[in-house]
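Below is one structure, written out as C-alpha cells, with a few remarks after it.
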Protein chains: 2
Amino acid sequence: MDEADALTVFAALSQETRLRIVRLLVTAGPEGLPAGAIGAAMDGASSSRMAFHLSHLERAGLIRSRREGRSILYSAVYPTLSNLISFLMRDCCDGHPEVCAPAVAALSCTCEA
Amino acid sequence: MDEADALTVFAALSQETRLRIVRLLVTAGPEGLPAGAIGAAMDGASSSRMAFHLSHLERAGLIRSRREGRSILYSAVYPTLSNLISFLMRDCCDGHPEVCAPAVAALSCTCEA
DNA sequence: TCAACATATCAAGATGTATTGAGATATAAA
DNA sequence: TTTATATCTCAATACATCTTGATATGTTGA
C-alpha cells in the first residue's frame with residue numbers, strides 16, 4: 001500500500017455510514033451480508049444512498065461484492081485493513097521505534113485475544 | 001478511541017497534504033518542526049494553507065504545537081496513531097481472528113525492526 | 001520603537017462529497 | 001410472461017472542504 005492507496009482508504013473510512021458498514025462487514029465474516037440487510041442496519045438508509053457508499057468502499061478495496069440469487073452480498077476485504085495498519089505502523093515504528101514500542105506492545109494483547 | 005474519534009482522525013488523514021505532514025512529523029521525532037519548514041516540505045505551500053491543515057490535524061489530535069521563539073513547532077502525537085491502529089485491529093482481530101491472524105503475524109516483522 | 005520575520009485569521013470562490021427521488025436493470029416466483 | 005423483489009444509476013440539490021489573497025497577531029533584533 002502506497003500513499004495514494006492509503007489516501008483512498010482513509011477517505012472511504014472517514015464517513016460515518018461507510019465506517020459503520022466496514023465494521024459491520026468485518027464482524028459479519030467472509031460470507032458477507034446482502035445490501036438490503038446492511039441498509040437496514042444503517043437506520044434504514046435508502047437504496048441509492050447504500051449503493052453510493054458501497055461502491056465507494058468497493059472502489060477503495062475495503063469490501064467486495066458477489067451476486068447470489070437476487071441479492072448482492074458484500075463482504076470485507078481483510079487484507080486491505082491489515083495493509084492500512086501496516087502502512088500506519090511503517091510510519092510509526094520505522095520512524096521512531098522507541099516512541100511507538102509501548103503502543104505496539106499494548107496491541108499484542110488486543111490481537112492474541 | 002471510539003467511532004467518532006476514529007472518524008475525525010480518518011478525515012484528517014484522508015487529505016494528501018495532511019497525510020504528508022503527519023508522515024513527515026512522525027519521522028521528525030518528538031522535537032517537531034517549525035511550521036515554515038513543514039510548509040517548505042509541502043512544495044512551498046502558503047502560510048494560510050498550512051495553518052488550515054495544521055489546525056485540522058491538531059483538532060484531530062494527531063499533532064500538537066508549541067511556540068519557540070518566533071517559530072511554532074509542530075510534532076506528532078504518537079498515541080493517536082497507535083490508538084487508531086488499535087481501533088482498526090479491534091475490528092479486525094476481535095471480529096474474526098482466524099482471518100486476520102496472518103496479517104497480524106506479518107506486522108510483527110515490521111514492528112520489531 | 002520600528003522594521004523584519006513567522007505564523008494565524010478571515011472572507012470569497014472553486015471544487016468535491018452526500019443525500020434525495022425517480023427511474024432502470026436484473027433475478028426469481030406466480 | 002407478468003409481477004414482485006433487490007439493487008443500481010442518474011440528475012439535482014444541499015452541504016462541506018480546499019485554496020487563494022489580503023490582513024492581522026505575535027516575536028525578535030536594530
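By convention here, the chains of the C-alpha cells are called A, B, ... in the order presented, each chain's residues are numbered starting at 1, and ligands are numbered starting at 1 in the order presented.
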- Show which residues sit within 8 Å of Ala51 of chain A, as a PyMOL selection string. Count only C-alpha atoms (C1' of nucleotides), and ignore same-chain residues fewer than 4 positions away. (chain A and resi 47+55) or (chain D and resi 7-8)
Just-selected residues, N, CA and C atoms (P, O5', C5', C4', C3', O3' and C1' of nucleotides) written as a PDB file, in the first residue's frame:
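Dumped to selection_39.pdb:
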```pdb
ATOM      1  N   SER A  47     -31.833   2.882  -0.788  1.00  0.00           N
ATOM      2  CA  SER A  47     -31.014   2.010  -1.632  1.00  0.00           C
ATOM      3  C   SER A  47     -29.986   2.808  -2.415  1.00  0.00           C
ATOM      4  N   SER A  55     -20.379   1.301  -3.239  1.00  0.00           N
ATOM      5  CA  SER A  55     -19.478   1.335  -4.389  1.00  0.00           C
ATOM      6  C   SER A  55     -18.220   2.136  -4.046  1.00  0.00           C
TER       7      SER A  55
ATOM      8  P    DT D   7     -30.486  -6.485  -1.700  1.00  0.00           P
ATOM      9  O5'  DT D   7     -29.960  -5.498  -2.850  1.00  0.00           O
ATOM     10  C5'  DT D   7     -29.284  -6.046  -3.968  1.00  0.00           C
ATOM     11  C4'  DT D   7     -29.177  -5.025  -5.075  1.00  0.00           C
ATOM     12  C3'  DT D   7     -28.417  -3.754  -4.726  1.00  0.00           C
ATOM     13  O3'  DT D   7     -27.110  -3.861  -5.262  1.00  0.00           O
ATOM     14  C1'  DT D   7     -30.261  -3.381  -6.199  1.00  0.00           C
ATOM     15  P    DC D   8     -26.090  -2.621  -5.193  1.00  0.00           P
ATOM     16  O5'  DC D   8     -26.340  -1.847  -6.576  1.00  0.00           O
ATOM     17  C5'  DC D   8     -26.201  -2.563  -7.805  1.00  0.00           C
ATOM     18  C4'  DC D   8     -26.590  -1.660  -8.968  1.00  0.00           C
ATOM     19  C3'  DC D   8     -25.775  -0.377  -9.046  1.00  0.00           C
ATOM     20  O3'  DC D   8     -25.182  -0.297 -10.343  1.00  0.00           O
ATOM     21  C1'  DC D   8     -28.100   0.098  -9.171  1.00  0.00           C
TER      22       DC D   8
END
```
- With a distance threshold of 12 Å and counting only C-alpha atoms (C1' of nucleotides), extract the residues of chain B near chain C and express them as a VMD selection string. chain B and resid 34 to 37 39 46 to 55 65 67 to 73
Next, the residues of the selection above should be written as a short mmCIF file (atom, residue, chain, number, x, y, z; two decimals), in the first residue's frame with N, CA and C atoms.
```cif
data_model
loop_
_atom_site.label_atom_id
_atom_site.label_comp_id
_atom_site.auth_asym_id
_atom_site.auth_seq_id
_atom_site.Cartn_x
_atom_site.Cartn_y
_atom_site.Cartn_z
N PRO B 34 9.30 23.47 12.76
CA PRO B 34 8.56 24.72 12.65
C PRO B 34 7.63 24.71 11.45
N ALA B 35 6.52 25.40 11.57
CA ALA B 35 5.51 25.44 10.51
C ALA B 35 6.14 25.79 9.16
N GLY B 36 7.05 26.72 9.16
CA GLY B 36 7.68 27.14 7.92
C GLY B 36 8.41 26.00 7.23
N ALA B 37 9.14 25.21 8.01
CA ALA B 37 9.88 24.08 7.43
C ALA B 37 8.91 23.05 6.87
N GLY B 39 5.88 23.66 5.74
CA GLY B 39 5.34 24.26 4.52
C GLY B 39 6.32 24.14 3.36
N SER B 46 1.41 27.81 0.95
CA SER B 46 1.22 29.13 1.57
C SER B 46 0.97 28.98 3.06
N SER B 47 1.21 30.07 3.79
CA SER B 47 1.05 30.01 5.24
C SER B 47 -0.41 29.76 5.62
N SER B 48 -1.34 30.34 4.87
CA SER B 48 -2.74 30.13 5.24
C SER B 48 -3.16 28.69 4.97
N ARG B 49 -2.62 28.15 3.89
CA ARG B 49 -2.93 26.76 3.59
C ARG B 49 -2.35 25.86 4.67
N MET B 50 -1.14 26.12 5.07
CA MET B 50 -0.53 25.32 6.12
C MET B 50 -1.31 25.46 7.42
N ALA B 51 -1.66 26.69 7.76
CA ALA B 51 -2.39 26.90 9.02
C ALA B 51 -3.70 26.12 9.01
N PHE B 52 -4.36 26.11 7.85
CA PHE B 52 -5.62 25.36 7.73
C PHE B 52 -5.39 23.88 8.04
N HIS B 53 -4.40 23.29 7.40
CA HIS B 53 -4.18 21.85 7.56
C HIS B 53 -3.59 21.52 8.93
N LEU B 54 -2.69 22.36 9.39
CA LEU B 54 -2.08 22.10 10.70
C LEU B 54 -3.13 22.17 11.80
N SER B 55 -4.03 23.15 11.72
CA SER B 55 -5.03 23.25 12.78
C SER B 55 -6.03 22.10 12.68
N SER B 65 1.28 21.62 19.02
CA SER B 65 2.16 22.74 18.71
C SER B 65 2.67 23.39 19.98
N ARG B 67 5.08 27.12 20.91
CA ARG B 67 5.87 28.24 20.38
C ARG B 67 7.29 28.14 20.89
N GLU B 68 8.22 28.49 20.02
CA GLU B 68 9.63 28.55 20.41
C GLU B 68 10.24 29.70 19.62
N GLY B 69 10.50 30.78 20.34
CA GLY B 69 10.97 31.98 19.67
C GLY B 69 9.86 32.48 18.77
N ARG B 70 10.20 32.81 17.55
CA ARG B 70 9.10 33.27 16.69
C ARG B 70 8.54 32.17 15.84
N SER B 71 9.06 30.96 16.01
CA SER B 71 8.50 29.82 15.29
C SER B 71 7.46 29.11 16.12
N ILE B 72 6.61 28.37 15.44
CA ILE B 72 5.74 27.45 16.15
C ILE B 72 6.11 26.05 15.69
N LEU B 73 6.48 25.23 16.66
CA LEU B 73 6.93 23.88 16.34
C LEU B 73 5.77 22.90 16.44
#
```
- Mind listing as JSON, numbers by chain which residues of chain D are within 12 Å of chain A, counting only C-alpha atoms (C1' of nucleotides)? {"D": [4, 5, 6, 7, 8, 9, 10]}
Both chains have the same sequence, so match all Cα atoms in order, fit chain B onto chain A by least squares, and return it as a short mmCIF file (atom, residue, chain, number, x, y, z; two decimals) with N, CA and C atoms, in the first residue's frame.
```cif
data_model
loop_
_atom_site.label_atom_id
_atom_site.label_comp_id
_atom_site.auth_asym_id
_atom_site.auth_seq_id
_atom_site.Cartn_x
_atom_site.Cartn_y
_atom_site.Cartn_z
N MET B 1 0.85 -1.24 0.01
CA MET B 1 0.01 -0.03 0.03
C MET B 1 0.86 1.23 0.04
N ASP B 2 0.68 2.08 -0.96
CA ASP B 2 1.44 3.33 -0.99
C ASP B 2 0.56 4.48 -0.49
N GLU B 3 1.12 5.68 -0.55
CA GLU B 3 0.41 6.83 0.00
C GLU B 3 -0.93 7.07 -0.70
N ALA B 4 -0.96 6.90 -2.00
CA ALA B 4 -2.20 7.14 -2.75
C ALA B 4 -3.28 6.14 -2.34
N ASP B 5 -2.91 4.88 -2.21
CA ASP B 5 -3.87 3.87 -1.75
C ASP B 5 -4.38 4.23 -0.36
N ALA B 6 -3.47 4.59 0.52
CA ALA B 6 -3.85 4.91 1.89
C ALA B 6 -4.83 6.08 1.91
N LEU B 7 -4.57 7.08 1.08
CA LEU B 7 -5.49 8.23 1.00
C LEU B 7 -6.89 7.77 0.62
N THR B 8 -6.97 6.91 -0.37
CA THR B 8 -8.26 6.40 -0.82
C THR B 8 -8.98 5.67 0.31
N VAL B 9 -8.23 4.85 1.03
CA VAL B 9 -8.84 4.07 2.11
C VAL B 9 -9.24 4.98 3.26
N PHE B 10 -8.39 5.94 3.62
CA PHE B 10 -8.76 6.88 4.68
C PHE B 10 -10.03 7.64 4.30
N ALA B 11 -10.09 8.09 3.06
CA ALA B 11 -11.28 8.83 2.62
C ALA B 11 -12.52 7.95 2.74
N ALA B 12 -12.37 6.69 2.37
CA ALA B 12 -13.51 5.77 2.44
C ALA B 12 -13.96 5.59 3.89
N LEU B 13 -13.03 5.55 4.80
CA LEU B 13 -13.34 5.28 6.21
C LEU B 13 -13.72 6.53 6.99
N SER B 14 -13.64 7.69 6.35
CA SER B 14 -13.86 8.93 7.11
C SER B 14 -15.30 9.40 7.01
N GLN B 15 -16.20 8.49 6.72
CA GLN B 15 -17.61 8.84 6.61
C GLN B 15 -18.38 7.86 7.49
N GLU B 16 -19.25 8.41 8.33
CA GLU B 16 -19.89 7.61 9.37
C GLU B 16 -20.56 6.34 8.83
N THR B 17 -21.40 6.51 7.82
CA THR B 17 -22.12 5.34 7.29
C THR B 17 -21.13 4.29 6.76
N ARG B 18 -20.11 4.78 6.04
CA ARG B 18 -19.16 3.81 5.47
C ARG B 18 -18.35 3.12 6.55
N LEU B 19 -17.94 3.85 7.58
CA LEU B 19 -17.17 3.22 8.65
C LEU B 19 -18.03 2.16 9.33
N ARG B 20 -19.30 2.48 9.52
CA ARG B 20 -20.19 1.52 10.16
C ARG B 20 -20.41 0.29 9.28
N ILE B 21 -20.49 0.50 7.97
CA ILE B 21 -20.63 -0.63 7.05
C ILE B 21 -19.42 -1.54 7.17
N VAL B 22 -18.24 -0.95 7.14
CA VAL B 22 -17.03 -1.76 7.21
C VAL B 22 -16.99 -2.55 8.50
N ARG B 23 -17.29 -1.89 9.60
CA ARG B 23 -17.22 -2.59 10.89
C ARG B 23 -18.25 -3.71 10.94
N LEU B 24 -19.42 -3.45 10.38
CA LEU B 24 -20.45 -4.48 10.34
C LEU B 24 -19.98 -5.67 9.52
N LEU B 25 -19.40 -5.39 8.34
CA LEU B 25 -18.99 -6.48 7.46
C LEU B 25 -17.79 -7.24 8.01
N VAL B 26 -16.93 -6.53 8.74
CA VAL B 26 -15.79 -7.22 9.33
C VAL B 26 -16.28 -8.26 10.34
N THR B 27 -17.27 -7.87 11.13
CA THR B 27 -17.76 -8.84 12.12
C THR B 27 -18.70 -9.86 11.47
N ALA B 28 -19.24 -9.53 10.31
CA ALA B 28 -20.14 -10.47 9.63
C ALA B 28 -19.38 -11.65 9.04
N GLY B 29 -18.08 -11.48 8.85
CA GLY B 29 -17.28 -12.59 8.34
C GLY B 29 -17.28 -12.69 6.83
N PRO B 30 -16.54 -13.66 6.30
CA PRO B 30 -16.31 -13.80 4.86
C PRO B 30 -17.58 -14.00 4.04
N GLU B 31 -18.61 -14.57 4.66
CA GLU B 31 -19.89 -14.78 3.94
C GLU B 31 -20.42 -13.44 3.44
N GLY B 32 -20.33 -12.44 4.30
CA GLY B 32 -20.87 -11.15 3.91
C GLY B 32 -22.35 -11.05 4.20
N LEU B 33 -22.93 -9.94 3.78
CA LEU B 33 -24.35 -9.66 4.01
C LEU B 33 -24.93 -9.05 2.74
N PRO B 34 -26.23 -9.29 2.48
CA PRO B 34 -26.87 -8.65 1.34
C PRO B 34 -27.03 -7.15 1.57
N ALA B 35 -26.97 -6.40 0.49
CA ALA B 35 -27.06 -4.94 0.56
C ALA B 35 -28.26 -4.49 1.39
N GLY B 36 -29.38 -5.16 1.21
CA GLY B 36 -30.58 -4.78 1.94
C GLY B 36 -30.41 -4.88 3.44
N ALA B 37 -29.77 -5.96 3.89
CA ALA B 37 -29.56 -6.15 5.33
C ALA B 37 -28.62 -5.07 5.86
N ILE B 38 -27.62 -4.71 5.07
CA ILE B 38 -26.69 -3.66 5.49
C ILE B 38 -27.45 -2.33 5.60
N GLY B 39 -28.25 -2.05 4.60
CA GLY B 39 -29.04 -0.82 4.62
C GLY B 39 -29.97 -0.77 5.83
N ALA B 40 -30.58 -1.91 6.14
CA ALA B 40 -31.47 -1.96 7.30
C ALA B 40 -30.71 -1.65 8.58
N ALA B 41 -29.45 -2.13 8.65
CA ALA B 41 -28.63 -1.88 9.84
C ALA B 41 -28.19 -0.42 9.91
N MET B 42 -28.25 0.30 8.79
CA MET B 42 -27.85 1.72 8.75
C MET B 42 -29.09 2.60 8.87
N ASP B 43 -29.88 2.37 9.90
CA ASP B 43 -31.09 3.16 10.12
C ASP B 43 -31.98 3.19 8.88
N GLY B 44 -32.02 2.09 8.16
CA GLY B 44 -32.88 2.02 6.99
C GLY B 44 -32.52 2.98 5.89
N ALA B 45 -31.24 3.08 5.60
CA ALA B 45 -30.79 3.99 4.53
C ALA B 45 -31.38 3.58 3.18
N SER B 46 -31.63 4.55 2.32
CA SER B 46 -32.22 4.29 1.00
C SER B 46 -31.26 3.48 0.14
N SER B 47 -31.82 2.83 -0.88
CA SER B 47 -30.99 1.98 -1.73
C SER B 47 -29.96 2.80 -2.48
N SER B 48 -30.33 4.00 -2.91
CA SER B 48 -29.36 4.80 -3.66
C SER B 48 -28.22 5.27 -2.75
N ARG B 49 -28.60 5.58 -1.53
CA ARG B 49 -27.57 5.99 -0.57
C ARG B 49 -26.64 4.82 -0.29
N MET B 50 -27.20 3.66 -0.10
CA MET B 50 -26.36 2.49 0.14
C MET B 50 -25.47 2.20 -1.05
N ALA B 51 -26.06 2.26 -2.24
CA ALA B 51 -25.27 1.96 -3.44
C ALA B 51 -24.09 2.92 -3.55
N PHE B 52 -24.35 4.19 -3.22
CA PHE B 52 -23.28 5.19 -3.27
C PHE B 52 -22.13 4.80 -2.34
N HIS B 53 -22.46 4.48 -1.10
CA HIS B 53 -21.41 4.18 -0.12
C HIS B 53 -20.77 2.82 -0.37
N LEU B 54 -21.58 1.86 -0.75
CA LEU B 54 -21.02 0.53 -1.01
C LEU B 54 -20.05 0.57 -2.19
N SER B 55 -20.40 1.31 -3.24
CA SER B 55 -19.50 1.35 -4.39
C SER B 55 -18.24 2.14 -4.05
N HIS B 56 -18.39 3.13 -3.18
CA HIS B 56 -17.23 3.89 -2.72
C HIS B 56 -16.27 2.95 -1.99
N LEU B 57 -16.81 2.14 -1.09
CA LEU B 57 -15.99 1.21 -0.32
C LEU B 57 -15.37 0.15 -1.23
N GLU B 58 -16.13 -0.26 -2.23
CA GLU B 58 -15.61 -1.29 -3.14
C GLU B 58 -14.46 -0.74 -3.97
N ARG B 59 -14.62 0.51 -4.45
CA ARG B 59 -13.53 1.14 -5.20
C ARG B 59 -12.28 1.26 -4.36
N ALA B 60 -12.48 1.49 -3.06
CA ALA B 60 -11.32 1.64 -2.17
C ALA B 60 -10.71 0.29 -1.81
N GLY B 61 -11.38 -0.80 -2.21
CA GLY B 61 -10.82 -2.12 -1.94
C GLY B 61 -11.11 -2.64 -0.55
N LEU B 62 -12.03 -1.99 0.15
CA LEU B 62 -12.33 -2.42 1.52
C LEU B 62 -13.38 -3.51 1.56
N ILE B 63 -14.22 -3.56 0.54
CA ILE B 63 -15.24 -4.62 0.48
C ILE B 63 -15.33 -5.13 -0.95
N ARG B 64 -15.95 -6.27 -1.11
CA ARG B 64 -16.22 -6.76 -2.47
C ARG B 64 -17.62 -7.33 -2.50
N SER B 65 -18.12 -7.54 -3.70
CA SER B 65 -19.51 -7.97 -3.84
C SER B 65 -19.60 -9.19 -4.75
N ARG B 66 -20.64 -9.96 -4.52
CA ARG B 66 -20.98 -11.05 -5.45
C ARG B 66 -22.49 -11.22 -5.45
N ARG B 67 -23.02 -11.55 -6.58
CA ARG B 67 -24.46 -11.76 -6.65
C ARG B 67 -24.80 -13.16 -6.18
N GLU B 68 -25.90 -13.26 -5.47
CA GLU B 68 -26.40 -14.57 -5.04
C GLU B 68 -27.92 -14.48 -5.08
N GLY B 69 -28.49 -15.13 -6.07
CA GLY B 69 -29.93 -15.01 -6.27
C GLY B 69 -30.23 -13.57 -6.64
N ARG B 70 -31.23 -13.01 -6.02
CA ARG B 70 -31.49 -11.61 -6.38
C ARG B 70 -30.83 -10.64 -5.44
N SER B 71 -30.09 -11.17 -4.47
CA SER B 71 -29.34 -10.28 -3.58
C SER B 71 -27.92 -10.07 -4.08
N ILE B 72 -27.32 -9.00 -3.61
CA ILE B 72 -25.89 -8.85 -3.82
C ILE B 72 -25.24 -8.84 -2.45
N LEU B 73 -24.33 -9.77 -2.26
CA LEU B 73 -23.70 -9.92 -0.95
C LEU B 73 -22.39 -9.14 -0.92
N TYR B 74 -22.22 -8.37 0.12
CA TYR B 74 -20.97 -7.61 0.31
C TYR B 74 -20.21 -8.22 1.47
N SER B 75 -18.89 -8.29 1.31
CA SER B 75 -18.07 -8.83 2.39
C SER B 75 -16.79 -8.01 2.51
N ALA B 76 -16.22 -8.03 3.70
CA ALA B 76 -15.01 -7.26 3.97
C ALA B 76 -13.81 -7.87 3.28
N VAL B 77 -12.92 -7.03 2.80
CA VAL B 77 -11.63 -7.48 2.27
C VAL B 77 -10.60 -7.23 3.37
N TYR B 78 -10.33 -8.25 4.15
CA TYR B 78 -9.48 -8.08 5.34
C TYR B 78 -8.08 -7.56 5.02
N PRO B 79 -7.44 -8.06 3.97
CA PRO B 79 -6.07 -7.59 3.72
C PRO B 79 -5.96 -6.08 3.55
N THR B 80 -7.01 -5.46 3.06
CA THR B 80 -6.93 -4.01 2.89
C THR B 80 -6.81 -3.33 4.24
N LEU B 81 -7.58 -3.82 5.20
CA LEU B 81 -7.47 -3.26 6.56
C LEU B 81 -6.09 -3.52 7.13
N SER B 82 -5.59 -4.73 6.97
CA SER B 82 -4.29 -5.02 7.58
C SER B 82 -3.17 -4.29 6.85
N ASN B 83 -3.33 -4.09 5.54
CA ASN B 83 -2.34 -3.29 4.82
C ASN B 83 -2.34 -1.84 5.30
N LEU B 84 -3.52 -1.35 5.61
CA LEU B 84 -3.60 0.01 6.12
C LEU B 84 -2.90 0.10 7.47
N ILE B 85 -3.13 -0.91 8.29
CA ILE B 85 -2.46 -0.94 9.59
C ILE B 85 -0.95 -0.98 9.39
N SER B 86 -0.50 -1.83 8.45
CA SER B 86 0.94 -1.87 8.16
C SER B 86 1.47 -0.51 7.76
N PHE B 87 0.71 0.15 6.91
CA PHE B 87 1.13 1.46 6.42
C PHE B 87 1.32 2.43 7.58
N LEU B 88 0.35 2.43 8.49
CA LEU B 88 0.45 3.32 9.65
C LEU B 88 1.63 2.94 10.53
N MET B 89 1.82 1.64 10.69
CA MET B 89 2.88 1.19 11.59
C MET B 89 4.25 1.41 10.98
N ARG B 90 4.32 1.36 9.67
CA ARG B 90 5.59 1.63 9.02
C ARG B 90 6.07 3.03 9.41
N ASP B 91 5.15 4.00 9.34
CA ASP B 91 5.49 5.34 9.78
C ASP B 91 5.93 5.33 11.23
N CYS B 92 5.05 4.77 12.02
CA CYS B 92 5.19 4.87 13.45
C CYS B 92 6.46 4.18 13.92
N CYS B 93 6.62 2.92 13.49
CA CYS B 93 7.68 2.08 14.06
C CYS B 93 9.01 2.28 13.37
N ASP B 94 8.99 2.43 12.05
CA ASP B 94 10.26 2.62 11.36
C ASP B 94 10.83 3.99 11.72
N GLY B 95 9.94 4.95 11.90
CA GLY B 95 10.39 6.30 12.18
C GLY B 95 11.04 6.41 13.54
N HIS B 96 10.33 6.01 14.55
CA HIS B 96 10.84 6.16 15.91
C HIS B 96 10.39 5.02 16.81
N PRO B 97 11.05 3.88 16.65
CA PRO B 97 10.66 2.67 17.39
C PRO B 97 10.52 2.91 18.89
N GLU B 98 11.41 3.68 19.45
CA GLU B 98 11.40 3.85 20.91
C GLU B 98 10.14 4.56 21.39
N VAL B 99 9.61 5.44 20.55
CA VAL B 99 8.39 6.15 20.94
C VAL B 99 7.17 5.27 20.78
N CYS B 100 7.23 4.44 19.75
CA CYS B 100 6.06 3.67 19.34
C CYS B 100 5.95 2.35 20.07
N ALA B 101 7.07 1.85 20.56
CA ALA B 101 7.13 0.50 21.15
C ALA B 101 6.05 0.22 22.19
N PRO B 102 5.84 1.13 23.14
CA PRO B 102 4.82 0.83 24.17
C PRO B 102 3.44 0.62 23.54
N ALA B 103 3.12 1.43 22.57
CA ALA B 103 1.82 1.30 21.90
C ALA B 103 1.71 -0.04 21.20
N VAL B 104 2.80 -0.43 20.55
CA VAL B 104 2.80 -1.71 19.84
C VAL B 104 2.62 -2.86 20.83
N ALA B 105 3.28 -2.76 21.96
CA ALA B 105 3.17 -3.79 22.99
C ALA B 105 1.72 -3.91 23.44
N ALA B 106 1.08 -2.79 23.65
CA ALA B 106 -0.32 -2.80 24.08
C ALA B 106 -1.19 -3.50 23.06
N LEU B 107 -0.82 -3.37 21.78
CA LEU B 107 -1.62 -3.97 20.72
C LEU B 107 -1.60 -5.49 20.77
N SER B 108 -0.47 -6.07 21.15
CA SER B 108 -0.38 -7.53 21.13
C SER B 108 -1.51 -8.15 21.93
N CYS B 109 -1.83 -7.53 23.06
CA CYS B 109 -2.93 -8.03 23.88
C CYS B 109 -4.21 -8.11 23.06
N THR B 110 -4.52 -7.04 22.39
CA THR B 110 -5.73 -6.98 21.58
C THR B 110 -5.77 -8.12 20.57
N CYS B 111 -4.60 -8.43 20.03
CA CYS B 111 -4.57 -9.35 18.89
C CYS B 111 -4.49 -10.80 19.28
N GLU B 112 -4.00 -11.08 20.48
CA GLU B 112 -3.88 -12.48 20.85
C GLU B 112 -5.17 -13.00 21.47
N ALA B 113 -6.11 -12.10 21.69
CA ALA B 113 -7.38 -12.50 22.31
C ALA B 113 -8.17 -13.40 21.35
#
```
- Which residues in segment 7-111 of chain B does DSSP call helix (DSSP H, G or I)? List them as a ChimeraX atom specification. /B:7-13,16-28,35-41,47-59,78-95,97-111
- Please return as a list in words: the residues of chain B that backbone DSSP assigns to strand (DSSP E or B).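 So, restricting chain B to strand (DSSP E or B), we get Leu33, Pro34, Ile63, Arg64, Ser65, Arg66, Arg67, Glu68, Ser71, Ile72, Leu73, Tyr74, Ser75 and Ala76 of chain B.
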Output N, CA and C atoms for every residue in that selection, as a PDB file, in the first residue's frame.
```pdb
ATOM      1  N   LEU B  33       8.914  20.138  14.087  1.00  0.00           N
ATOM      2  CA  LEU B  33       9.466  21.045  13.080  1.00  0.00           C
ATOM      3  C   LEU B  33       8.657  22.334  13.090  1.00  0.00           C
ATOM      4  N   PRO B  34       9.301  23.467  12.756  1.00  0.00           N
ATOM      5  CA  PRO B  34       8.559  24.722  12.653  1.00  0.00           C
ATOM      6  C   PRO B  34       7.632  24.709  11.447  1.00  0.00           C
ATOM      7  N   ILE B  63      -1.388  15.948  15.899  1.00  0.00           N
ATOM      8  CA  ILE B  63      -0.170  16.725  16.136  1.00  0.00           C
ATOM      9  C   ILE B  63      -0.449  17.744  17.235  1.00  0.00           C
ATOM     10  N   ARG B  64       0.610  18.295  17.782  1.00  0.00           N
ATOM     11  CA  ARG B  64       0.428  19.393  18.737  1.00  0.00           C
ATOM     12  C   ARG B  64       1.479  20.450  18.451  1.00  0.00           C
ATOM     13  N   SER B  65       1.276  21.621  19.021  1.00  0.00           N
ATOM     14  CA  SER B  65       2.162  22.735  18.705  1.00  0.00           C
ATOM     15  C   SER B  65       2.669  23.389  19.982  1.00  0.00           C
ATOM     16  N   ARG B  66       3.828  23.999  19.860  1.00  0.00           N
ATOM     17  CA  ARG B  66       4.340  24.853  20.945  1.00  0.00           C
ATOM     18  C   ARG B  66       5.154  25.971  20.315  1.00  0.00           C
ATOM     19  N   ARG B  67       5.083  27.121  20.909  1.00  0.00           N
ATOM     20  CA  ARG B  67       5.867  28.236  20.379  1.00  0.00           C
ATOM     21  C   ARG B  67       7.294  28.141  20.888  1.00  0.00           C
ATOM     22  N   GLU B  68       8.219  28.487  20.019  1.00  0.00           N
ATOM     23  CA  GLU B  68       9.627  28.553  20.411  1.00  0.00           C
ATOM     24  C   GLU B  68      10.237  29.702  19.625  1.00  0.00           C
ATOM     25  N   SER B  71       9.065  30.962  16.014  1.00  0.00           N
ATOM     26  CA  SER B  71       8.501  29.819  15.285  1.00  0.00           C
ATOM     27  C   SER B  71       7.455  29.106  16.119  1.00  0.00           C
ATOM     28  N   ILE B  72       6.613  28.367  15.439  1.00  0.00           N
ATOM     29  CA  ILE B  72       5.741  27.446  16.153  1.00  0.00           C
ATOM     30  C   ILE B  72       6.109  26.048  15.694  1.00  0.00           C
ATOM     31  N   LEU B  73       6.476  25.228  16.656  1.00  0.00           N
ATOM     32  CA  LEU B  73       6.935  23.877  16.337  1.00  0.00           C
ATOM     33  C   LEU B  73       5.772  22.903  16.444  1.00  0.00           C
ATOM     34  N   TYR B  74       5.632  22.086  15.431  1.00  0.00           N
ATOM     35  CA  TYR B  74       4.595  21.051  15.428  1.00  0.00           C
ATOM     36  C   TYR B  74       5.261  19.691  15.554  1.00  0.00           C
ATOM     37  N   SER B  75       4.637  18.825  16.340  1.00  0.00           N
ATOM     38  CA  SER B  75       5.188  17.478  16.498  1.00  0.00           C
ATOM     39  C   SER B  75       4.051  16.458  16.508  1.00  0.00           C
ATOM     40  N   ALA B  76       4.389  15.248  16.139  1.00  0.00           N
ATOM     41  CA  ALA B  76       3.392  14.171  16.063  1.00  0.00           C
ATOM     42  C   ALA B  76       2.965  13.734  17.450  1.00  0.00           C
TER      43      ALA B  76
END
```
